[in-house]
$ cat model-v8.txt   # compact mmCIF, C-alpha atoms
# COMPACT_ATOMS: atom_id res chain seq x y z
CA MET A 1 113.43 97.61 139.53
CA MET A 2 115.32 100.78 138.53
CA LEU A 3 118.56 99.34 139.93
CA SER A 4 118.03 96.12 137.97
CA LEU A 5 117.35 98.12 134.80
CA ARG A 6 120.47 100.27 135.22
CA ILE A 7 122.67 97.23 135.69
CA ALA A 8 121.04 95.45 132.73
CA LEU A 9 121.65 98.50 130.51
CA ARG A 10 125.27 98.60 131.63
CA TYR A 11 125.72 94.91 130.81
CA LEU A 12 124.09 95.44 127.41
CA PHE A 13 126.23 98.31 126.18
CA SER A 14 129.51 97.83 128.03
CA PRO A 15 132.37 95.98 126.26
CA LYS A 16 132.69 92.33 127.18
CA SER A 17 135.97 90.72 128.16
CA HIS A 18 135.36 87.90 125.69
CA THR A 19 134.84 88.87 122.08
CA ALA A 20 132.58 85.83 121.57
CA VAL A 21 130.01 87.31 123.97
CA ASN A 22 129.87 90.53 121.92
CA VAL A 23 129.50 88.57 118.68
CA ILE A 24 126.76 86.30 120.05
CA SER A 25 124.94 89.32 121.46
CA LEU A 26 125.01 91.07 118.07
CA ILE A 27 123.85 87.87 116.35
CA SER A 28 120.93 87.64 118.78
CA MET A 29 119.89 91.20 118.07
CA ALA A 30 120.28 90.68 114.31
CA GLY A 31 118.14 87.52 114.40
CA ILE A 32 115.35 89.31 116.25
CA ALA A 33 115.66 92.32 113.91
CA VAL A 34 115.43 90.26 110.72
CA ALA A 35 112.41 88.33 111.99
CA ALA A 36 110.63 91.54 113.08
CA MET A 37 111.42 93.24 109.77
CA ALA A 38 110.06 90.24 107.84
CA MET A 39 106.85 90.26 109.90
CA VAL A 40 106.17 93.95 109.19
CA CYS A 41 106.96 93.61 105.48
CA VAL A 42 104.97 90.42 104.93
CA LEU A 43 101.90 91.70 106.75
CA SER A 44 102.09 94.94 104.74
CA VAL A 45 102.30 93.01 101.45
CA PHE A 46 99.22 90.97 102.37
CA ASN A 47 97.42 94.23 103.16
CA GLY A 48 98.41 95.42 99.70
CA PHE A 49 97.06 92.29 98.03
CA ARG A 50 93.80 92.69 99.95
CA ASP A 51 93.48 96.29 98.80
CA LEU A 52 94.35 95.26 95.25
CA ALA A 53 91.59 92.64 95.29
CA SER A 54 89.17 95.23 96.65
CA ASP A 55 90.12 97.76 93.97
CA ARG A 56 89.82 95.23 91.14
CA LEU A 57 86.43 93.97 92.31
CA SER A 58 85.05 97.43 93.03
CA ALA A 59 84.61 98.01 89.29
CA ILE A 60 81.99 95.27 89.01
CA ASP A 61 80.67 94.81 92.55
CA PRO A 62 77.93 97.17 93.73
CA ASP A 63 78.15 99.00 97.03
CA LEU A 64 75.34 96.83 98.40
CA LEU A 65 73.77 93.65 97.05
CA VAL A 66 70.23 92.61 97.93
CA THR A 67 69.36 88.92 97.49
CA PRO A 68 66.35 86.82 98.55
CA ALA A 69 66.87 85.02 101.84
CA ASP A 70 65.39 81.79 100.45
CA GLY A 71 67.94 81.71 97.61
CA ARG A 72 65.34 81.89 94.83
CA VAL A 73 64.30 85.05 93.01
CA ILE A 74 62.90 88.42 94.02
CA LEU A 75 59.27 88.75 92.95
CA SER A 76 58.24 92.13 91.49
CA ALA A 77 61.91 93.06 91.48
CA ASP A 78 61.33 96.23 89.47
CA SER A 79 59.05 97.60 92.20
CA VAL A 80 61.46 96.60 94.96
CA ALA A 81 64.34 98.25 93.10
CA ALA A 82 62.32 101.44 92.69
CA ALA A 83 61.58 101.48 96.42
CA VAL A 84 65.26 100.93 97.24
CA ALA A 85 66.29 103.70 94.87
CA GLY A 86 64.05 106.09 96.81
CA LEU A 87 66.01 105.67 100.05
CA ALA A 88 68.33 108.39 101.28
CA ASP A 89 72.01 107.91 100.32
CA VAL A 90 71.07 105.54 97.45
CA ARG A 91 72.16 106.83 94.05
CA ALA A 92 70.75 103.99 91.93
CA ALA A 93 69.35 100.48 92.22
CA ALA A 94 69.18 97.91 89.44
CA PRO A 95 67.51 94.46 89.37
CA VAL A 96 69.72 91.80 87.77
CA LEU A 97 68.99 88.22 86.73
CA GLU A 98 71.80 85.68 86.77
CA GLN A 99 71.43 82.09 85.53
CA LYS A 100 73.42 79.37 83.75
CA ALA A 101 73.04 78.79 80.01
CA LEU A 102 74.83 77.30 77.01
CA ALA A 103 76.56 79.67 74.59
CA ILE A 104 77.05 78.60 70.95
CA SER A 105 79.34 80.49 68.61
CA GLY A 106 80.25 78.72 65.38
CA GLU A 107 81.43 75.24 66.34
CA ALA A 108 82.15 76.18 69.96
CA GLN A 109 79.69 75.34 72.72
CA ILE A 110 80.50 76.45 76.28
CA PRO A 111 78.54 76.75 79.54
CA VAL A 112 78.28 80.37 80.64
CA THR A 113 76.79 82.49 83.40
CA VAL A 114 74.30 84.91 81.87
CA LYS A 115 73.72 88.15 83.73
CA GLY A 116 70.81 90.30 82.63
CA VAL A 117 71.17 94.00 83.48
CA PRO A 118 68.69 96.86 82.95
CA GLU A 119 69.12 100.14 81.12
CA GLY A 120 71.37 102.60 82.93
CA TYR A 121 73.33 99.79 84.60
CA SER A 122 76.54 101.81 84.26
CA ALA A 123 75.23 104.06 87.06
CA VAL A 124 75.41 101.11 89.48
CA THR A 125 78.83 99.59 88.73
CA GLY A 126 81.88 100.46 86.69
CA LEU A 127 81.54 97.53 84.31
CA MET A 128 81.89 99.87 81.34
CA SER A 129 85.41 100.82 82.48
CA THR A 130 86.56 97.19 82.18
CA VAL A 131 85.73 96.86 78.45
CA ILE A 132 88.95 96.07 76.54
CA ASP A 133 87.50 95.42 73.09
CA GLY A 134 84.42 96.94 71.47
CA VAL A 135 81.95 98.89 73.58
CA MET A 136 79.26 98.33 76.17
CA ALA A 137 75.86 99.16 74.69
CA ASP A 138 74.23 102.04 76.54
CA GLU A 139 71.12 102.18 74.36
CA PRO A 140 67.77 100.60 75.33
CA ASP A 141 67.38 96.99 74.25
CA SER A 142 64.35 97.88 72.11
CA VAL A 143 66.45 100.37 70.13
CA CYS A 144 69.24 97.82 69.62
CA ARG A 145 66.81 95.14 68.45
CA GLU A 146 65.22 97.55 66.02
CA ARG A 147 68.58 98.73 64.71
CA TYR A 148 70.49 95.45 64.58
CA GLY A 149 67.72 92.87 64.66
CA HIS A 150 69.05 91.32 67.85
CA SER A 151 69.98 92.23 71.40
CA LEU A 152 73.64 92.98 72.21
CA ALA A 153 75.83 90.97 74.58
CA LEU A 154 79.03 91.83 76.46
CA LEU A 155 81.39 88.87 77.00
CA SER A 156 84.05 88.35 79.64
CA VAL A 157 87.50 87.69 78.25
CA GLY A 158 87.33 84.01 79.23
CA ALA A 159 84.00 83.47 77.51
CA ALA A 160 85.25 85.30 74.41
CA VAL A 161 88.39 83.17 74.18
CA ALA A 162 86.58 79.88 74.82
CA SER A 163 83.81 80.57 72.31
CA GLY A 164 85.94 82.36 69.73
CA ALA A 165 83.40 85.19 69.66
CA ARG A 166 84.54 88.75 69.03
CA PRO A 167 82.68 92.06 68.74
CA SER A 168 80.84 91.75 65.45
CA LEU A 169 77.47 92.68 63.98
CA GLU A 170 77.62 89.76 61.57
CA ARG A 171 78.51 86.71 63.65
CA PRO A 172 75.65 85.82 66.06
CA LEU A 173 75.98 84.30 69.51
CA LEU A 174 73.29 81.81 70.55
CA LEU A 175 72.24 81.36 74.17
CA THR A 176 70.23 78.27 75.09
CA ALA A 177 68.60 77.38 78.40
CA PRO A 178 66.12 74.68 79.49
CA ARG A 179 62.51 75.83 79.38
CA ARG A 180 61.36 76.63 82.90
CA LEU A 181 57.62 76.88 82.32
CA GLY A 182 55.14 74.89 80.27
CA ARG A 183 54.96 71.26 79.24
CA VAL A 184 57.54 69.56 77.05
CA ASN A 185 56.51 67.50 74.03
CA PRO A 186 58.66 64.30 73.98
CA ALA A 187 58.20 64.14 70.23
CA LEU A 188 59.82 67.56 69.85
CA PRO A 189 62.87 67.68 72.21
CA ILE A 190 64.00 71.03 70.84
CA GLY A 191 60.89 72.51 72.43
CA ALA A 192 62.38 71.83 75.86
CA PHE A 193 64.86 74.66 75.34
CA VAL A 194 64.61 78.40 74.85
CA THR A 195 67.14 79.97 72.48
CA ASP A 196 67.97 83.61 71.93
CA THR A 197 70.24 85.12 69.30
CA LEU A 198 72.48 88.04 70.26
CA LEU A 199 75.33 90.03 68.76
CA VAL A 200 78.58 90.57 70.66
CA CYS A 201 79.25 94.27 71.16
CA GLY A 202 82.29 94.10 73.46
CA VAL A 203 84.65 92.11 75.67
CA PHE A 204 85.50 93.03 79.27
CA GLN A 205 88.23 91.99 81.69
CA THR A 206 88.16 92.53 85.46
CA ASN A 207 91.34 90.57 86.37
CA GLU A 208 89.20 88.43 88.66
CA GLN A 209 89.26 84.78 87.67
CA GLU A 210 85.71 83.82 88.61
CA THR A 211 84.16 86.76 86.78
CA ASP A 212 86.39 86.66 83.72
CA ALA A 213 85.95 82.94 83.15
CA ASP A 214 82.42 82.57 81.74
CA ARG A 215 80.33 85.73 82.17
CA VAL A 216 77.94 87.00 79.47
CA VAL A 217 76.15 90.29 80.16
CA VAL A 218 72.88 90.79 78.27
CA PRO A 219 69.89 93.15 78.58
CA LEU A 220 67.57 92.26 81.45
CA SER A 221 64.64 91.83 79.05
CA SER A 222 66.62 89.26 77.04
CA ALA A 223 67.57 87.34 80.17
CA ARG A 224 63.96 87.25 81.30
CA ARG A 225 62.83 85.94 77.91
CA LEU A 226 65.56 83.30 77.97
CA PHE A 227 64.79 82.06 81.49
CA ASP A 228 60.97 82.49 81.39
CA TYR A 229 60.67 85.30 83.91
CA ALA A 230 58.41 88.35 83.79
CA SER A 231 59.40 90.82 86.52
CA GLU A 232 61.60 88.67 88.73
CA ALA A 233 65.32 89.14 89.43
CA SER A 234 67.96 87.14 91.27
CA ALA A 235 69.36 90.24 93.02
CA ILE A 236 69.20 94.01 93.25
CA GLU A 237 72.47 95.90 93.00
CA VAL A 238 72.65 99.19 94.86
CA ALA A 239 74.98 102.14 94.31
CA LEU A 240 75.35 104.63 97.15
CA ALA A 241 75.66 108.39 96.82
CA PRO A 242 79.17 109.86 97.22
CA GLY A 243 80.05 110.25 100.89
CA ALA A 244 77.33 107.90 102.10
CA ASP A 245 78.11 105.58 105.01
CA PRO A 246 77.75 101.97 103.78
CA GLU A 247 76.96 100.65 107.28
CA GLU A 248 74.17 103.15 107.85
CA ALA A 249 72.75 102.54 104.37
CA GLU A 250 72.88 98.79 104.92
CA THR A 251 71.07 99.12 108.26
CA ARG A 252 68.40 101.34 106.71
CA LEU A 253 67.97 98.94 103.80
CA ARG A 254 67.61 95.92 106.08
CA ALA A 255 64.97 97.71 108.12
CA MET A 256 62.98 98.56 104.99
CA LEU A 257 63.15 95.14 103.31
CA GLY A 258 62.67 92.93 106.35
CA ASP A 259 63.77 89.36 107.03
CA GLY A 260 62.99 88.08 103.53
CA TYR A 261 66.12 89.65 102.06
CA GLU A 262 69.86 89.52 102.63
CA VAL A 263 71.97 92.69 102.25
CA ALA A 264 75.71 92.34 101.66
CA ASP A 265 78.41 94.98 101.35
CA ARG A 266 81.41 94.57 99.04
CA LEU A 267 83.42 92.65 101.59
CA ARG A 268 80.76 90.01 102.13
CA GLN A 269 80.05 89.75 98.40
CA GLN A 270 83.58 88.39 97.97
CA GLU A 271 83.89 86.86 101.42
CA ASP A 272 85.65 83.71 100.22
CA SER A 273 88.37 85.64 98.39
CA TYR A 274 89.03 87.98 101.31
CA ARG A 275 88.95 85.11 103.80
CA MET A 276 91.58 83.25 101.79
CA ILE A 277 93.88 86.29 101.82
CA GLU A 278 93.38 86.70 105.57
CA ILE A 279 94.06 83.00 106.22
CA GLU A 280 97.28 83.14 104.20
CA LYS A 281 98.29 86.31 106.02
CA TRP A 282 97.92 84.87 109.50
CA ILE A 283 99.41 81.49 108.62
CA THR A 284 102.47 83.34 107.34
CA PHE A 285 102.49 85.44 110.51
CA ALA A 286 102.44 82.25 112.61
CA MET A 287 105.39 80.86 110.63
CA LEU A 288 107.33 84.07 111.23
CA ILE A 289 106.51 83.85 114.94
CA PHE A 290 108.15 80.42 114.85
CA VAL A 291 111.22 81.98 113.19
CA LEU A 292 111.22 84.60 115.95
CA VAL A 293 111.11 81.86 118.57
CA MET A 294 114.08 80.19 116.90
CA ALA A 295 115.93 83.49 116.97
CA SER A 296 115.21 83.79 120.68
CA PHE A 297 117.43 80.75 121.34
CA ASN A 298 120.33 82.99 120.41
CA VAL A 299 119.21 85.27 123.23
CA LEU A 300 119.38 82.34 125.64
CA SER A 301 122.89 81.58 124.41
CA THR A 302 123.87 85.19 124.95
CA MET A 303 122.44 85.17 128.46
CA SER A 304 124.28 81.97 129.32
CA MET A 305 127.59 83.44 128.13
CA LEU A 306 126.90 86.69 129.97
CA MET A 307 126.15 84.85 133.21
CA ILE A 308 129.46 83.02 132.95
CA GLU A 309 131.31 86.28 132.31
CA LYS A 310 129.54 88.16 135.11
CA ALA A 311 129.81 85.36 137.68
CA GLY A 312 132.37 87.35 139.66
CA ASN A 313 130.15 90.43 139.67
CA MET A 314 127.23 88.38 140.92
CA HIS A 315 129.31 87.03 143.82
CA ILE A 316 130.28 90.58 144.76
CA MET A 317 126.66 91.77 144.60
CA ARG A 318 125.53 88.83 146.75
CA ALA A 319 128.23 89.74 149.28
CA MET A 320 126.86 93.31 149.28
CA GLY A 321 123.38 92.00 150.08
CA ALA A 322 121.80 91.58 146.64
CA SER A 323 119.08 88.96 146.65
CA ASP A 324 118.66 86.19 144.09
CA ALA A 325 115.43 87.91 142.96
CA LEU A 326 117.41 91.08 142.14
CA LEU A 327 119.97 89.13 140.13
CA GLY A 328 117.19 87.26 138.35
CA ARG A 329 115.51 90.54 137.38
CA ILE A 330 118.79 91.85 135.98
CA PHE A 331 119.11 88.99 133.50
CA MET A 332 115.40 88.95 132.74
CA LEU A 333 115.61 92.64 131.81
CA GLU A 334 118.82 91.92 129.88
CA GLY A 335 117.00 89.41 127.67
CA LEU A 336 114.10 91.83 127.24
CA LEU A 337 116.48 94.64 126.26
CA ILE A 338 118.26 92.48 123.68
CA ALA A 339 114.92 91.62 122.11
CA ALA A 340 113.72 95.23 122.39
CA VAL A 341 116.80 96.69 120.68
CA GLY A 342 116.77 94.07 117.91
CA GLY A 343 113.00 94.30 117.52
CA ALA A 344 113.01 98.10 117.38
CA ALA A 345 115.71 98.06 114.70
CA GLY A 346 113.84 95.40 112.70
CA ILE A 347 110.47 97.13 113.00
CA ALA A 348 112.03 100.45 111.94
CA ALA A 349 113.64 98.78 108.93
CA GLY A 350 110.37 97.02 108.07
CA VAL A 351 108.41 100.26 108.28
CA ILE A 352 110.89 102.06 106.02
CA LEU A 353 110.95 99.25 103.45
CA SER A 354 107.16 98.95 103.48
CA LEU A 355 106.70 102.68 102.96
CA LEU A 356 109.23 102.68 100.11
CA GLN A 357 107.44 99.78 98.44
CA GLN A 358 104.02 101.34 99.08
CA HIS A 359 104.88 104.70 97.52
CA LEU A 360 107.73 103.91 95.10
CA GLY A 361 107.26 100.23 94.20
CA ILE A 362 110.97 99.44 94.50
CA ILE A 363 110.43 95.66 94.09
CA SER A 364 108.73 94.82 90.82
CA LEU A 365 106.88 91.68 89.78
CA GLY A 366 108.48 89.33 87.28
CA GLY A 367 107.13 88.64 83.82
CA ASP A 368 106.27 90.75 80.82
CA HIS A 369 105.24 94.14 82.19
CA THR A 370 103.53 95.06 78.92
CA GLN A 371 100.94 92.36 79.67
CA MET A 372 100.50 93.24 83.35
CA SER A 373 98.23 95.75 85.04
CA VAL A 374 100.24 95.64 88.30
CA LEU A 375 103.99 96.12 87.95
CA SER A 376 105.18 95.95 91.57
CA TYR A 377 104.24 94.09 94.72
CA PRO A 378 101.28 95.88 96.35
CA CYS A 379 101.99 97.02 99.88
CA ARG A 380 100.18 98.97 102.60
CA LEU A 381 101.62 99.60 106.03
CA ALA A 382 99.06 99.33 108.84
CA LEU A 383 99.66 100.51 112.41
CA PRO A 384 97.88 97.49 114.01
CA ASP A 385 100.33 95.16 112.24
CA VAL A 386 103.30 97.16 113.57
CA LEU A 387 101.88 97.08 117.09
CA LEU A 388 101.18 93.34 116.81
CA THR A 389 104.77 92.71 115.72
CA ALA A 390 106.09 94.81 118.60
CA ALA A 391 103.92 92.87 121.05
CA ALA A 392 105.18 89.54 119.68
CA VAL A 393 108.81 90.67 119.99
CA ALA A 394 108.23 91.93 123.53
CA ALA A 395 106.56 88.65 124.55
CA ILE A 396 109.38 86.56 123.08
CA GLY A 397 111.97 88.79 124.74
CA PHE A 398 110.23 88.58 128.10
CA LEU A 399 109.97 84.80 127.94
CA SER A 400 113.62 84.50 126.89
CA GLY A 401 114.76 86.73 129.75
CA LEU A 402 112.54 84.90 132.23
CA THR A 403 113.92 81.54 131.12
CA ALA A 404 117.50 82.83 131.37
CA SER A 405 116.89 84.26 134.86
CA ARG A 406 115.55 80.89 136.03
CA LYS A 407 118.69 79.20 134.77
CA GLY A 408 120.77 81.77 136.59
$ encode --input "model-v8.txt" --output "structure tokens"
Amino acid sequence: MMLSLRIALRYLFSPKSHTAVNVISLISMAGIAVAAMAMVCVLSVFNGFRDLASDRLSAIDPDLLVTPADGRVILSADSVAAAVAGLADVRAAAPVLEQKALAISGEAQIPVTVKGVPEGYSAVTGLMSTVIDGVMADEPDSVCRERYGHSLALLSVGAAVASGARPSLERPLLLTAPRRLGRVNPALPIGAFVTDTLLVCGVFQTNEQETDADRVVVPLSSARRLFDYASEASAIEVALAPGADPEEAETRLRAMLGDGYEVADRLRQQEDSYRMIEIEKWITFAMLIFVLVMASFNVLSTMSMLMIEKAGNMHIMRAMGASDALLGRIFMLEGLLIAAVGGAAGIAAGVILSLLQQHLGIISLGGDHTQMSVLSYPCRLALPDVLLTAAAVAAIGFLSGLTASRKG
């Protein structure tokens, strides 16, 4: 094997008698290098987009989310939240109630998702940090109703634009939902609905389409009045103490609550979004593998030209006792070396470019930067992606060399 490797290295770096062989060899290496560089860069950019999605959603998603396994509501949610808040590593726990309703502001009527949150909700998520207009009320609902006559609501930017509502203590926002309990009098259809009047105190924007489209955040007591609930909640949002291990806290929480509840970390709360990014990442990786396979045909061309040029040397080696297996190994290693040199150069270039983009943001996004929160393509280099690219290059190089040695 060492003899085959030494001869293959000599063939790789020694000048060829025909300039075309040198040119084709360099083209082969360049093709492998470009494909490997593209694989490292593209995978790093998808890592960056995944991290960006995680960072954007972390402002509104709790560390852990507890929901009922039957998909209904949590009974005595206040008591359950208090028990959860007493666990080690849990900083705060808040019951929330989320249902659909109709929002009416002036002439506009739009369907919205109403989310009722309790006092001190800012200790659970960073929703307050996403407010772009007005403020998020941090006073108890009873104080707000006494002071302003109505509860206060926080609108997502999509709901604010669609309804035309803006932070104001003069223009009310009506929320209407079908009555859940009691009998309905056919002679009085309006009695089939529950309506609550609120004042808009602020508008928030998370840069996440589903959340920004139609969300209205109201006090938990207002949501319970609107949807005919007493102490129930649709979920309990949990914030962990700094330095706490989410997996350990999730395991402890599951053990305490039992089979009647589902516990999800941030990743599973947005599983569809993350899955879509991962699917796009690996589909793109598969396409680049195909490009790498196409580049490997240049390696086969190089090997064919090299065999023709070294035909005399092979005859001499056969006369000296070299076996066909030895000659086959020489050209198999030659193809592997071509791929290895090109792949190493491409991976090195991809790593450098990814690190530059990750830390300096050398490639910026198009559009009006004054209206954008992200100015450059997000990027994060990950060692597993580099190793995966190296393995793909090595496999393609080995197969190319093996095919060439069979032809020889």
$ closest_residue --input "model-v8.txt" --among "A:Met287, A:Val143, A:Leu257, A:Val96" --to "Ala223 of chain A" --atoms "all atoms listed in the file"
A:Val96
$ residues_around --input "model-v8.txt" --residues "Val200 of chain A" --least-positions-apart "5" --cutoff "10 Å" --atoms "only C-alpha atoms" --output "mmCIF file with C-alpha atoms, keeping the file's coordinate frame"
data_model
loop_
_atom_site.group_PDB
_atom_site.id
_atom_site.type_symbol
_atom_site.label_atom_id
_atom_site.label_comp_id
_atom_site.auth_asym_id
_atom_site.auth_seq_id
_atom_site.Cartn_x
_atom_site.Cartn_y
_atom_site.Cartn_z
ATOM 1 C CA GLY A 134 84.420 96.940 71.470
ATOM 2 C CA VAL A 135 81.950 98.890 73.580
ATOM 3 C CA MET A 136 79.260 98.330 76.170
ATOM 4 C CA ALA A 137 75.860 99.160 74.690
ATOM 5 C CA HIS A 150 69.050 91.320 67.850
ATOM 6 C CA SER A 151 69.980 92.230 71.400
ATOM 7 C CA LEU A 152 73.640 92.980 72.210
ATOM 8 C CA ALA A 153 75.830 90.970 74.580
ATOM 9 C CA LEU A 154 79.030 91.830 76.460
ATOM 10 C CA LEU A 155 81.390 88.870 77.000
ATOM 11 C CA ALA A 160 85.250 85.300 74.410
ATOM 12 C CA ALA A 165 83.400 85.190 69.660
ATOM 13 C CA ARG A 166 84.540 88.750 69.030
ATOM 14 C CA PRO A 167 82.680 92.060 68.740
ATOM 15 C CA SER A 168 80.840 91.750 65.450
ATOM 16 C CA LEU A 169 77.470 92.680 63.980
ATOM 17 C CA GLU A 170 77.620 89.760 61.570
ATOM 18 C CA ARG A 171 78.510 86.710 63.650
ATOM 19 C CA PRO A 172 75.650 85.820 66.060
ATOM 20 C CA LEU A 173 75.980 84.300 69.510
ATOM 21 C CA VAL A 216 77.940 87.000 79.470
ATOM 22 C CA VAL A 217 76.150 90.290 80.160
ATOM 23 C CA VAL A 218 72.880 90.790 78.270
#
$ residues_around --input "model-v8.txt" --residues "segment 98-103 of chain A" --least-positions-apart "3" --cutoff "7 Å" --atoms "all atoms listed in the file" --output "list in words"
Gln109, Ile110, Pro111, Val112, Thr113, Val114, Lys115, Gly116, Leu173, Leu174, Leu175, Thr176, Ala177 and Ser234 of chain A
$ residues_around --input "model-v8.txt" --residues "Phe290 of chain A" --least-positions-apart "6" --cutoff "10 Å" --atoms "all atoms listed in the file" --output "VMD selection string"
chain A and resid 35 284 296
$ closest_residue --input "model-v8.txt" --among "A:Asp138, A:Asp228, A:Asp259, A:Asp70" --to "Leu181 of chain A" --atoms "only C-alpha atoms"
A:Asp228
$ closest_residue --input "model-v8.txt" --among "A:Leu65, A:Val40, A:Leu52, A:Val291" --to "Ser376 of chain A" --atoms "all atoms listed in the file"
A:Leu52
$ closest_residue --input "model-v8.txt" --among "A:Val238, A:Ala249, A:Ile352, A:Met320" --to "Ala38 of chain A" --atoms "only C-alpha atoms"
A:Ile352
$ closest_residue --input "model-v8.txt" --among "A:Glu210, A:Glu107, A:Glu232, A:Glu247" --to "Asp272 of chain A" --atoms "all atoms listed in the file"
A:Glu210
$ atom_distance --input "model-v8.txt" --atom1 "atom CA of Ser79 of chain A" --atom2 "atom CA of Ala230 of chain A"
12.5 Å
$ residues_around --input "model-v8.txt" --residues "Ser400 of chain A" --least-positions-apart "2" --cutoff "7 Å" --atoms "all atoms listed in the file" --output "number ranges by chain"
A: 296, 299-300, 335, 396-398, 402-404
$ residues_around --input "model-v8.txt" --residues "Glu280 of chain A" --least-positions-apart "4" --cutoff "12 Å" --atoms "all atoms listed in the file" --output "PDB file with C-alpha atoms, in the coordinates of the input"
ATOM      1  CA  VAL A  42     104.970  90.420 104.930  1.00  0.00           C
ATOM      2  CA  LEU A  43     101.900  91.700 106.750  1.00  0.00           C
ATOM      3  CA  VAL A  45     102.300  93.010 101.450  1.00  0.00           C
ATOM      4  CA  PHE A  46      99.220  90.970 102.370  1.00  0.00           C
ATOM      5  CA  ASN A  47      97.420  94.230 103.160  1.00  0.00           C
ATOM      6  CA  PHE A  49      97.060  92.290  98.030  1.00  0.00           C
ATOM      7  CA  ARG A  50      93.800  92.690  99.950  1.00  0.00           C
ATOM      8  CA  SER A 273      88.370  85.640  98.390  1.00  0.00           C
ATOM      9  CA  TYR A 274      89.030  87.980 101.310  1.00  0.00           C
ATOM     10  CA  ARG A 275      88.950  85.110 103.800  1.00  0.00           C
ATOM     11  CA  MET A 276      91.580  83.250 101.790  1.00  0.00           C
ATOM     12  CA  THR A 284     102.470  83.340 107.340  1.00  0.00           C
ATOM     13  CA  PHE A 285     102.490  85.440 110.510  1.00  0.00           C
ATOM     14  CA  ALA A 286     102.440  82.250 112.610  1.00  0.00           C
ATOM     15  CA  MET A 287     105.390  80.860 110.630  1.00  0.00           C
TER      16      MET A 287
END
$ atom_distance --input "model-v8.txt" --atom1 "atom CA of Glu262 of chain A" --atom2 "atom CA of Arg224 of chain A"
22.2 Å
$ atom_distance --input "model-v8.txt" --atom1 "atom CA of Thr125 of chain A" --atom2 "atom CA of Asp61 of chain A"
6.4 Å
$ closest_residue --input "model-v8.txt" --among "A:Leu360, A:Met332, A:Val386, A:Leu240" --to "Leu87 of chain A" --atoms "only C-alpha atoms"
A:Leu240
$ axis_aligned_box --input "model-v8.txt" --around "segment 44-47 of chain A" --padding-each-side "6 Å" --output "AutoDock Vina command-line options"
--center_x 99.9 --center_y 93.0 --center_z 103.1 --size_x 16.9 --size_y 16.0 --size_z 15.3
$ residues_near_point --input "model-v8.txt" --point "(108.6, 95.2, 112.5)" --cutoff "7 Å" --atoms "all atoms listed in the file" --output "PDB file with C-alpha atoms, keeping the file's coordinate frame"
ATOM      1  CA  ALA A  36     110.630  91.540 113.080  1.00  0.00           C
ATOM      2  CA  MET A  37     111.420  93.240 109.770  1.00  0.00           C
ATOM      3  CA  ALA A  38     110.060  90.240 107.840  1.00  0.00           C
ATOM      4  CA  MET A  39     106.850  90.260 109.900  1.00  0.00           C
ATOM      5  CA  VAL A  40     106.170  93.950 109.190  1.00  0.00           C
ATOM      6  CA  GLY A 343     113.000  94.300 117.520  1.00  0.00           C
ATOM      7  CA  GLY A 346     113.840  95.400 112.700  1.00  0.00           C
ATOM      8  CA  ILE A 347     110.470  97.130 113.000  1.00  0.00           C
ATOM      9  CA  ALA A 348     112.030 100.450 111.940  1.00  0.00           C
ATOM     10  CA  GLY A 350     110.370  97.020 108.070  1.00  0.00           C
ATOM     11  CA  VAL A 351     108.410 100.260 108.280  1.00  0.00           C
ATOM     12  CA  VAL A 386     103.300  97.160 113.570  1.00  0.00           C
ATOM     13  CA  THR A 389     104.770  92.710 115.720  1.00  0.00           C
ATOM     14  CA  ALA A 390     106.090  94.810 118.600  1.00  0.00           C
TER      15      ALA A 390
END
